[in-house]
$ cat model-v3.pdb   # PDB, C-alpha atoms
ATOM      1  CA  MET A   1       0.000   0.000   0.000
ATOM      2  CA  PRO A   2       1.366   3.474  -0.849
ATOM      3  CA  LYS A   3       2.727   5.408   2.104
ATOM      4  CA  PRO A   4       3.071   9.204   2.366
ATOM      5  CA  ILE A   5       6.437  10.657   3.386
ATOM      6  CA  MET A   6       6.752  14.230   4.634
ATOM      7  CA  LEU A   7       9.742  15.851   2.927
ATOM      8  CA  ALA A   8       9.734  19.402   4.300
ATOM      9  CA  SER A   9       7.351  21.241   6.582
ATOM     10  CA  GLY A  10       6.710  24.222   8.778
ATOM     11  CA  ILE A  11       3.889  25.334  11.026
ATOM     12  CA  VAL A  12       3.068  28.490  12.940
ATOM     13  CA  GLU A  13       0.736  27.726  15.819
ATOM     14  CA  PRO A  14      -2.274  30.051  16.296
ATOM     15  CA  GLY A  15      -1.715  32.956  18.659
ATOM     16  CA  ALA A  16      -2.868  36.441  19.677
ATOM     17  CA  GLY A  17      -6.210  35.886  17.965
ATOM     18  CA  SER A  18      -4.560  35.054  14.655
ATOM     19  CA  PRO A  19      -5.004  31.650  13.009
ATOM     20  CA  GLY A  20      -1.905  29.555  12.513
ATOM     21  CA  ALA A  21      -0.587  28.384   9.161
ATOM     22  CA  VAL A  22       1.112  25.321   7.735
ATOM     23  CA  VAL A  23       3.136  24.535   4.617
ATOM     24  CA  ALA A  24       4.419  21.024   3.913
ATOM     25  CA  PHE A  25       5.565  18.888   1.015
ATOM     26  CA  VAL A  26       4.621  15.201   0.935
ATOM     27  CA  ALA A  27       5.640  12.455  -1.492
ATOM     28  CA  VAL A  28       3.613   9.307  -2.105
ATOM     29  CA  ASN A  29       5.148   6.390  -4.016
ATOM     30  CA  PHE A  30       2.536   4.396  -5.918
ATOM     31  CA  GLY A  31       5.018   1.756  -7.112
ATOM     32  CA  LEU A  32       4.672   1.137 -10.850
ATOM     33  CA  GLY A  33       2.205   4.030 -10.954
ATOM     34  CA  GLY A  34       5.048   6.396 -10.071
ATOM     35  CA  SER A  35       5.456   8.900  -7.294
ATOM     36  CA  ARG A  36       3.296  11.932  -6.694
ATOM     37  CA  LEU A  37       4.161  15.097  -4.812
ATOM     38  CA  PHE A  38       1.684  17.141  -2.776
ATOM     39  CA  LYS A  39       1.775  20.517  -1.069
ATOM     40  CA  VAL A  40      -0.268  21.037   2.088
ATOM     41  CA  ALA A  41      -0.750  24.747   2.801
ATOM     42  CA  GLY A  42      -3.061  27.215   4.478
ATOM     43  CA  PRO A  43      -4.601  27.836   7.873
ATOM     44  CA  THR A  44      -4.018  25.080  10.398
ATOM     45  CA  THR A  45      -7.778  24.720  10.820
ATOM     46  CA  ALA A  46      -8.376  23.851   7.152
ATOM     47  CA  PRO A  47      -5.227  23.392   5.067
ATOM     48  CA  LEU A  48      -5.567  22.808   1.342
ATOM     49  CA  VAL A  49      -3.865  19.924  -0.446
ATOM     50  CA  GLU A  50      -2.586  20.481  -3.965
ATOM     51  CA  GLU A  51      -0.860  17.972  -6.213
ATOM     52  CA  LEU A  52       2.284  19.410  -7.752
ATOM     53  CA  PRO A  53       3.079  18.814 -11.446
ATOM     54  CA  GLY A  54       4.709  15.497 -12.291
ATOM     55  CA  ALA A  55       7.901  17.183 -13.454
ATOM     56  CA  THR A  56       8.477  18.949 -10.119
ATOM     57  CA  THR A  57      12.073  18.582  -8.970
ATOM     58  CA  VAL A  58      12.431  17.453  -5.377
ATOM     59  CA  ASP A  59      14.665  20.222  -4.032
ATOM     60  CA  MET A  60      14.673  20.251  -0.249
ATOM     61  CA  GLY A  61      16.429  23.619  -0.056
ATOM     62  CA  LEU A  62      13.832  25.181  -2.339
ATOM     63  CA  PHE A  63      10.970  23.604  -0.385
ATOM     64  CA  ASN A  64      12.368  24.950   2.900
ATOM     65  CA  ARG A  65      12.872  28.454   1.480
ATOM     66  CA  GLU A  66       9.360  28.443   0.029
ATOM     67  CA  LEU A  67       7.712  27.371   3.269
ATOM     68  CA  GLU A  68       9.667  29.957   5.275
ATOM     69  CA  GLN A  69       8.617  32.723   2.851
ATOM     70  CA  GLU A  70       4.977  31.642   2.999
ATOM     71  CA  LEU A  71       4.876  31.311   6.798
ATOM     72  CA  GLN A  72       6.815  34.446   7.767
ATOM     73  CA  PRO A  73       3.802  36.791   7.251
ATOM     74  CA  THR A  74       1.848  34.717   9.799
ATOM     75  CA  VAL A  75       4.719  34.972  12.294
ATOM     76  CA  ASP A  76       4.864  38.734  11.731
ATOM     77  CA  ALA A  77       1.081  39.137  12.120
ATOM     78  CA  ILE A  78       1.003  37.272  15.426
ATOM     79  CA  LYS A  79       3.973  39.231  16.763
ATOM     80  CA  ALA A  80       2.342  42.510  15.679
ATOM     81  CA  LEU A  81      -0.659  41.567  17.829
ATOM     82  CA  GLY A  82       1.611  41.029  20.830
ATOM     83  CA  GLY A  83       1.849  37.260  20.619
ATOM     84  CA  THR A  84       4.862  35.036  20.299
ATOM     85  CA  ALA A  85       5.317  32.985  17.161
ATOM     86  CA  ALA A  86       7.899  30.908  15.373
ATOM     87  CA  ILE A  87       8.079  28.441  12.530
ATOM     88  CA  THR A  88       8.313  24.925  13.933
ATOM     89  CA  ARG A  89       7.807  21.474  12.461
ATOM     90  CA  PRO A  90       4.359  19.851  12.493
ATOM     91  CA  THR A  91       4.005  16.157  13.187
ATOM     92  CA  SER A  92       4.394  13.938  10.166
ATOM     93  CA  ASP A  93       1.237  12.023  11.125
ATOM     94  CA  TRP A  94      -0.904  15.175  11.030
ATOM     95  CA  VAL A  95       0.498  16.396   7.702
ATOM     96  CA  CYS A  96       0.293  12.986   6.028
ATOM     97  CA  ARG A  97      -3.300  12.575   7.270
ATOM     98  CA  GLN A  98      -4.214  15.686   5.255
ATOM     99  CA  VAL A  99      -2.923  13.985   2.084
ATOM    100  CA  ARG A 100      -4.591  10.667   3.011
ATOM    101  CA  ASP A 101      -7.935  12.391   3.501
ATOM    102  CA  TYR A 102      -7.524  14.336   0.250
ATOM    103  CA  LEU A 103      -6.789  11.211  -1.820
ATOM    104  CA  LYS A 104      -9.661   9.292  -0.224
ATOM    105  CA  LYS A 105     -12.154  12.116  -0.782
ATOM    106  CA  HIS A 106     -11.128  13.162  -4.300
ATOM    107  CA  GLU A 107      -9.896   9.889  -5.821
ATOM    108  CA  GLY A 108     -11.229   7.115  -3.595
ATOM    109  CA  VAL A 109      -7.615   6.008  -3.039
ATOM    110  CA  ASP A 110      -6.501   4.533   0.271
ATOM    111  CA  ILE A 111      -2.893   4.995   1.339
ATOM    112  CA  ASP A 112      -1.111   3.784   4.464
TER     113      ASP A 112
END
$ encode --input "model-v3.pdb" --output "structure tokens"
Amino acid sequence: MPKPIMLASGIVEPGAGSPGAVVAFVAVNFGLGGSRLFKVAGPTTAPLVEELPGATTVDMGLFNRELEQELQPTVDAIKALGGTAAITRPTSDWVCRQVRDYLKKHEGVDID
């Protein structure tokens, strides 16, 4: 059974009345069907899952820079409201569950 693997991720926990945010990149190997890459991004309460194009290069440095750029405005907003915020790493289980749920809902595909 295909299993999701979190490659890169960042999360800003909610604070000071501001919702948190998450950005993560997840790979799923479907064996002979090939691998697929997904991006999980958005508010921590309802992140969106998007499949990246098949020709996407797996570049960990690029993924980490992208997630830092996307999450920094959330850090800044929480700090501006007097809260404390930082980019940390979400649990792999939580991030991969977002991809599992997405594939089940949109494609009827079960993954481990």
$ resolve_selection --input "model-v3.pdb" --expression "the PyMOL selection byres ((chain A and resi 35-40) around 12)" --output "PDB file with C-alpha atoms, keeping the file's coordinate frame"
ATOM      1  CA  PRO A   2       1.366   3.474  -0.849  1.00  0.00           C
ATOM      2  CA  LYS A   3       2.727   5.408   2.104  1.00  0.00           C
ATOM      3  CA  PRO A   4       3.071   9.204   2.366  1.00  0.00           C
ATOM      4  CA  ILE A   5       6.437  10.657   3.386  1.00  0.00           C
ATOM      5  CA  MET A   6       6.752  14.230   4.634  1.00  0.00           C
ATOM      6  CA  LEU A   7       9.742  15.851   2.927  1.00  0.00           C
ATOM      7  CA  ALA A   8       9.734  19.402   4.300  1.00  0.00           C
ATOM      8  CA  SER A   9       7.351  21.241   6.582  1.00  0.00           C
ATOM      9  CA  GLY A  10       6.710  24.222   8.778  1.00  0.00           C
ATOM     10  CA  ILE A  11       3.889  25.334  11.026  1.00  0.00           C
ATOM     11  CA  ALA A  21      -0.587  28.384   9.161  1.00  0.00           C
ATOM     12  CA  VAL A  22       1.112  25.321   7.735  1.00  0.00           C
ATOM     13  CA  VAL A  23       3.136  24.535   4.617  1.00  0.00           C
ATOM     14  CA  ALA A  24       4.419  21.024   3.913  1.00  0.00           C
ATOM     15  CA  PHE A  25       5.565  18.888   1.015  1.00  0.00           C
ATOM     16  CA  VAL A  26       4.621  15.201   0.935  1.00  0.00           C
ATOM     17  CA  ALA A  27       5.640  12.455  -1.492  1.00  0.00           C
ATOM     18  CA  VAL A  28       3.613   9.307  -2.105  1.00  0.00           C
ATOM     19  CA  ASN A  29       5.148   6.390  -4.016  1.00  0.00           C
ATOM     20  CA  PHE A  30       2.536   4.396  -5.918  1.00  0.00           C
ATOM     21  CA  GLY A  31       5.018   1.756  -7.112  1.00  0.00           C
ATOM     22  CA  LEU A  32       4.672   1.137 -10.850  1.00  0.00           C
ATOM     23  CA  GLY A  33       2.205   4.030 -10.954  1.00  0.00           C
ATOM     24  CA  GLY A  34       5.048   6.396 -10.071  1.00  0.00           C
ATOM     25  CA  ALA A  41      -0.750  24.747   2.801  1.00  0.00           C
ATOM     26  CA  GLY A  42      -3.061  27.215   4.478  1.00  0.00           C
ATOM     27  CA  PRO A  43      -4.601  27.836   7.873  1.00  0.00           C
ATOM     28  CA  THR A  44      -4.018  25.080  10.398  1.00  0.00           C
ATOM     29  CA  ALA A  46      -8.376  23.851   7.152  1.00  0.00           C
ATOM     30  CA  PRO A  47      -5.227  23.392   5.067  1.00  0.00           C
ATOM     31  CA  LEU A  48      -5.567  22.808   1.342  1.00  0.00           C
ATOM     32  CA  VAL A  49      -3.865  19.924  -0.446  1.00  0.00           C
ATOM     33  CA  GLU A  50      -2.586  20.481  -3.965  1.00  0.00           C
ATOM     34  CA  GLU A  51      -0.860  17.972  -6.213  1.00  0.00           C
ATOM     35  CA  LEU A  52       2.284  19.410  -7.752  1.00  0.00           C
ATOM     36  CA  PRO A  53       3.079  18.814 -11.446  1.00  0.00           C
ATOM     37  CA  GLY A  54       4.709  15.497 -12.291  1.00  0.00           C
ATOM     38  CA  ALA A  55       7.901  17.183 -13.454  1.00  0.00           C
ATOM     39  CA  THR A  56       8.477  18.949 -10.119  1.00  0.00           C
ATOM     40  CA  THR A  57      12.073  18.582  -8.970  1.00  0.00           C
ATOM     41  CA  VAL A  58      12.431  17.453  -5.377  1.00  0.00           C
ATOM     42  CA  ASP A  59      14.665  20.222  -4.032  1.00  0.00           C
ATOM     43  CA  PHE A  63      10.970  23.604  -0.385  1.00  0.00           C
ATOM     44  CA  GLU A  66       9.360  28.443   0.029  1.00  0.00           C
ATOM     45  CA  LEU A  67       7.712  27.371   3.269  1.00  0.00           C
ATOM     46  CA  GLU A  70       4.977  31.642   2.999  1.00  0.00           C
ATOM     47  CA  PRO A  90       4.359  19.851  12.493  1.00  0.00           C
ATOM     48  CA  SER A  92       4.394  13.938  10.166  1.00  0.00           C
ATOM     49  CA  TRP A  94      -0.904  15.175  11.030  1.00  0.00           C
ATOM     50  CA  VAL A  95       0.498  16.396   7.702  1.00  0.00           C
ATOM     51  CA  CYS A  96       0.293  12.986   6.028  1.00  0.00           C
ATOM     52  CA  ARG A  97      -3.300  12.575   7.270  1.00  0.00           C
ATOM     53  CA  GLN A  98      -4.214  15.686   5.255  1.00  0.00           C
ATOM     54  CA  VAL A  99      -2.923  13.985   2.084  1.00  0.00           C
ATOM     55  CA  ARG A 100      -4.591  10.667   3.011  1.00  0.00           C
ATOM     56  CA  ASP A 101      -7.935  12.391   3.501  1.00  0.00           C
ATOM     57  CA  TYR A 102      -7.524  14.336   0.250  1.00  0.00           C
ATOM     58  CA  LEU A 103      -6.789  11.211  -1.820  1.00  0.00           C
TER      59      LEU A 103
END
$ residues_around --input "model-v3.pdb" --residues "Thr74 (chain A)" --least-positions-apart "5" --cutoff "10 Å" --atoms "all atoms listed in the file" --output "mmCIF file with C-alpha atoms, in the coordinates of the input"
data_model
loop_
_atom_site.group_PDB
_atom_site.id
_atom_site.type_symbol
_atom_site.label_atom_id
_atom_site.label_comp_id
_atom_site.auth_asym_id
_atom_site.auth_seq_id
_atom_site.Cartn_x
_atom_site.Cartn_y
_atom_site.Cartn_z
ATOM 1 C CA ILE A 11 3.889 25.334 11.026
ATOM 2 C CA VAL A 12 3.068 28.490 12.940
ATOM 3 C CA GLU A 13 0.736 27.726 15.819
ATOM 4 C CA PRO A 14 -2.274 30.051 16.296
ATOM 5 C CA GLY A 15 -1.715 32.956 18.659
ATOM 6 C CA SER A 18 -4.560 35.054 14.655
ATOM 7 C CA PRO A 19 -5.004 31.650 13.009
ATOM 8 C CA GLY A 20 -1.905 29.555 12.513
ATOM 9 C CA ALA A 21 -0.587 28.384 9.161
ATOM 10 C CA VAL A 22 1.112 25.321 7.735
ATOM 11 C CA PRO A 43 -4.601 27.836 7.873
ATOM 12 C CA GLN A 69 8.617 32.723 2.851
ATOM 13 C CA LYS A 79 3.973 39.231 16.763
ATOM 14 C CA ALA A 80 2.342 42.510 15.679
ATOM 15 C CA ALA A 85 5.317 32.985 17.161
ATOM 16 C CA ALA A 86 7.899 30.908 15.373
ATOM 17 C CA ILE A 87 8.079 28.441 12.530
#
$ atom_distance --input "model-v3.pdb" --atom1 "CA of Ala77 (chain A)" --atom2 "CA of Gly17 (chain A)"
9.9 Å
$ atom_distance --input "model-v3.pdb" --atom1 "CA of Glu68 (chain A)" --atom2 "CA of Thr88 (chain A)"
10.1 Å
$ atom_distance --input "model-v3.pdb" --atom1 "CA of Ala16 (chain A)" --atom2 "CA of Ile78 (chain A)"
5.8 Å
$ decode --input "model-v3.pdb" --residues "region 8-54 of chain A" --atoms "N, CA and C atoms" --output "short mmCIF file (atom, residue, chain, number, x, y, z; two decimals), in the first residue's frame"
data_model
loop_
_atom_site.label_atom_id
_atom_site.label_comp_id
_atom_site.auth_asym_id
_atom_site.auth_seq_id
_atom_site.Cartn_x
_atom_site.Cartn_y
_atom_site.Cartn_z
N ALA A 8 9.39 18.12 3.68
CA ALA A 8 9.73 19.40 4.30
C ALA A 8 8.45 19.98 4.86
N SER A 9 8.57 20.71 5.98
CA SER A 9 7.35 21.24 6.58
C SER A 9 7.66 22.35 7.56
N GLY A 10 6.64 23.18 7.77
CA GLY A 10 6.71 24.22 8.78
C GLY A 10 5.30 24.56 9.23
N ILE A 11 5.19 24.95 10.49
CA ILE A 11 3.89 25.33 11.03
C ILE A 11 4.09 26.50 11.98
N VAL A 12 3.12 27.40 11.97
CA VAL A 12 3.07 28.49 12.94
C VAL A 12 1.78 28.26 13.71
N GLU A 13 1.91 27.99 14.99
CA GLU A 13 0.74 27.73 15.82
C GLU A 13 -0.09 29.00 15.96
N PRO A 14 -1.43 28.87 16.10
CA PRO A 14 -2.27 30.05 16.30
C PRO A 14 -1.85 30.82 17.54
N GLY A 15 -2.05 32.14 17.50
CA GLY A 15 -1.72 32.96 18.66
C GLY A 15 -2.21 34.37 18.52
N ALA A 16 -2.44 35.04 19.63
CA ALA A 16 -2.87 36.44 19.68
C ALA A 16 -4.10 36.70 18.81
N GLY A 17 -4.99 35.72 18.75
CA GLY A 17 -6.21 35.89 17.97
C GLY A 17 -6.03 35.65 16.48
N SER A 18 -4.84 35.29 16.07
CA SER A 18 -4.56 35.05 14.66
C SER A 18 -4.49 33.55 14.41
N PRO A 19 -5.08 33.08 13.29
CA PRO A 19 -5.00 31.65 13.01
C PRO A 19 -3.57 31.26 12.64
N GLY A 20 -3.22 30.05 12.90
CA GLY A 20 -1.91 29.55 12.51
C GLY A 20 -1.89 29.19 11.04
N ALA A 21 -0.73 28.76 10.56
CA ALA A 21 -0.59 28.38 9.16
C ALA A 21 0.39 27.22 9.05
N VAL A 22 0.24 26.46 7.98
CA VAL A 22 1.11 25.32 7.73
C VAL A 22 1.49 25.29 6.26
N VAL A 23 2.70 24.84 5.97
CA VAL A 23 3.14 24.53 4.62
C VAL A 23 3.97 23.26 4.72
N ALA A 24 3.66 22.27 3.89
CA ALA A 24 4.42 21.02 3.91
C ALA A 24 4.42 20.39 2.53
N PHE A 25 5.44 19.61 2.27
CA PHE A 25 5.57 18.89 1.01
C PHE A 25 5.61 17.40 1.34
N VAL A 26 4.77 16.62 0.65
CA VAL A 26 4.62 15.20 0.94
C VAL A 26 4.73 14.42 -0.37
N ALA A 27 5.52 13.35 -0.34
CA ALA A 27 5.64 12.46 -1.49
C ALA A 27 4.89 11.17 -1.19
N VAL A 28 4.27 10.60 -2.23
CA VAL A 28 3.61 9.31 -2.10
C VAL A 28 4.09 8.46 -3.28
N ASN A 29 4.67 7.30 -2.98
CA ASN A 29 5.15 6.39 -4.02
C ASN A 29 4.07 5.35 -4.29
N PHE A 30 3.59 5.33 -5.53
CA PHE A 30 2.54 4.40 -5.92
C PHE A 30 3.11 3.20 -6.67
N GLY A 31 4.38 2.90 -6.46
CA GLY A 31 5.02 1.76 -7.11
C GLY A 31 5.13 1.97 -8.61
N LEU A 32 4.60 1.03 -9.39
CA LEU A 32 4.67 1.14 -10.85
C LEU A 32 3.90 2.34 -11.37
N GLY A 33 2.98 2.85 -10.58
CA GLY A 33 2.21 4.03 -10.95
C GLY A 33 3.00 5.31 -10.79
N GLY A 34 4.20 5.22 -10.25
CA GLY A 34 5.05 6.40 -10.07
C GLY A 34 4.80 7.09 -8.74
N SER A 35 5.58 8.10 -8.51
CA SER A 35 5.46 8.90 -7.29
C SER A 35 4.69 10.17 -7.59
N ARG A 36 4.02 10.67 -6.57
CA ARG A 36 3.30 11.93 -6.69
C ARG A 36 3.71 12.82 -5.54
N LEU A 37 3.73 14.12 -5.81
CA LEU A 37 4.16 15.10 -4.81
C LEU A 37 3.01 16.04 -4.51
N PHE A 38 2.78 16.30 -3.22
CA PHE A 38 1.68 17.14 -2.78
C PHE A 38 2.20 18.27 -1.90
N LYS A 39 1.49 19.39 -1.95
CA LYS A 39 1.78 20.52 -1.07
C LYS A 39 0.55 20.71 -0.19
N VAL A 40 0.78 20.77 1.11
CA VAL A 40 -0.27 21.04 2.09
C VAL A 40 -0.02 22.45 2.58
N ALA A 41 -0.99 23.35 2.42
CA ALA A 41 -0.75 24.75 2.80
C ALA A 41 -2.05 25.43 3.19
N GLY A 42 -1.92 26.41 4.09
CA GLY A 42 -3.06 27.22 4.48
C GLY A 42 -3.20 27.29 5.98
N PRO A 43 -4.37 27.73 6.43
CA PRO A 43 -4.60 27.84 7.87
C PRO A 43 -4.57 26.45 8.51
N THR A 44 -4.11 26.38 9.73
CA THR A 44 -4.02 25.08 10.40
C THR A 44 -5.39 24.44 10.61
N THR A 45 -6.43 25.25 10.61
CA THR A 45 -7.78 24.72 10.82
C THR A 45 -8.35 24.06 9.57
N ALA A 46 -7.85 24.42 8.40
CA ALA A 46 -8.38 23.85 7.15
C ALA A 46 -7.35 23.99 6.03
N PRO A 47 -6.24 23.27 6.12
CA PRO A 47 -5.23 23.39 5.07
C PRO A 47 -5.72 22.78 3.76
N LEU A 48 -5.24 23.32 2.66
CA LEU A 48 -5.57 22.81 1.34
C LEU A 48 -4.46 21.87 0.88
N VAL A 49 -4.83 20.86 0.13
CA VAL A 49 -3.87 19.92 -0.45
C VAL A 49 -3.90 20.11 -1.95
N GLU A 50 -2.72 20.26 -2.52
CA GLU A 50 -2.59 20.48 -3.97
C GLU A 50 -1.54 19.51 -4.50
N GLU A 51 -1.86 18.83 -5.59
CA GLU A 51 -0.86 17.97 -6.21
C GLU A 51 0.03 18.83 -7.10
N LEU A 52 1.33 18.66 -6.94
CA LEU A 52 2.28 19.41 -7.75
C LEU A 52 2.48 18.69 -9.08
N PRO A 53 2.88 19.43 -10.13
CA PRO A 53 3.08 18.81 -11.45
C PRO A 53 4.07 17.65 -11.39
N GLY A 54 3.86 16.69 -12.26
CA GLY A 54 4.71 15.50 -12.29
C GLY A 54 6.18 15.78 -12.51
#
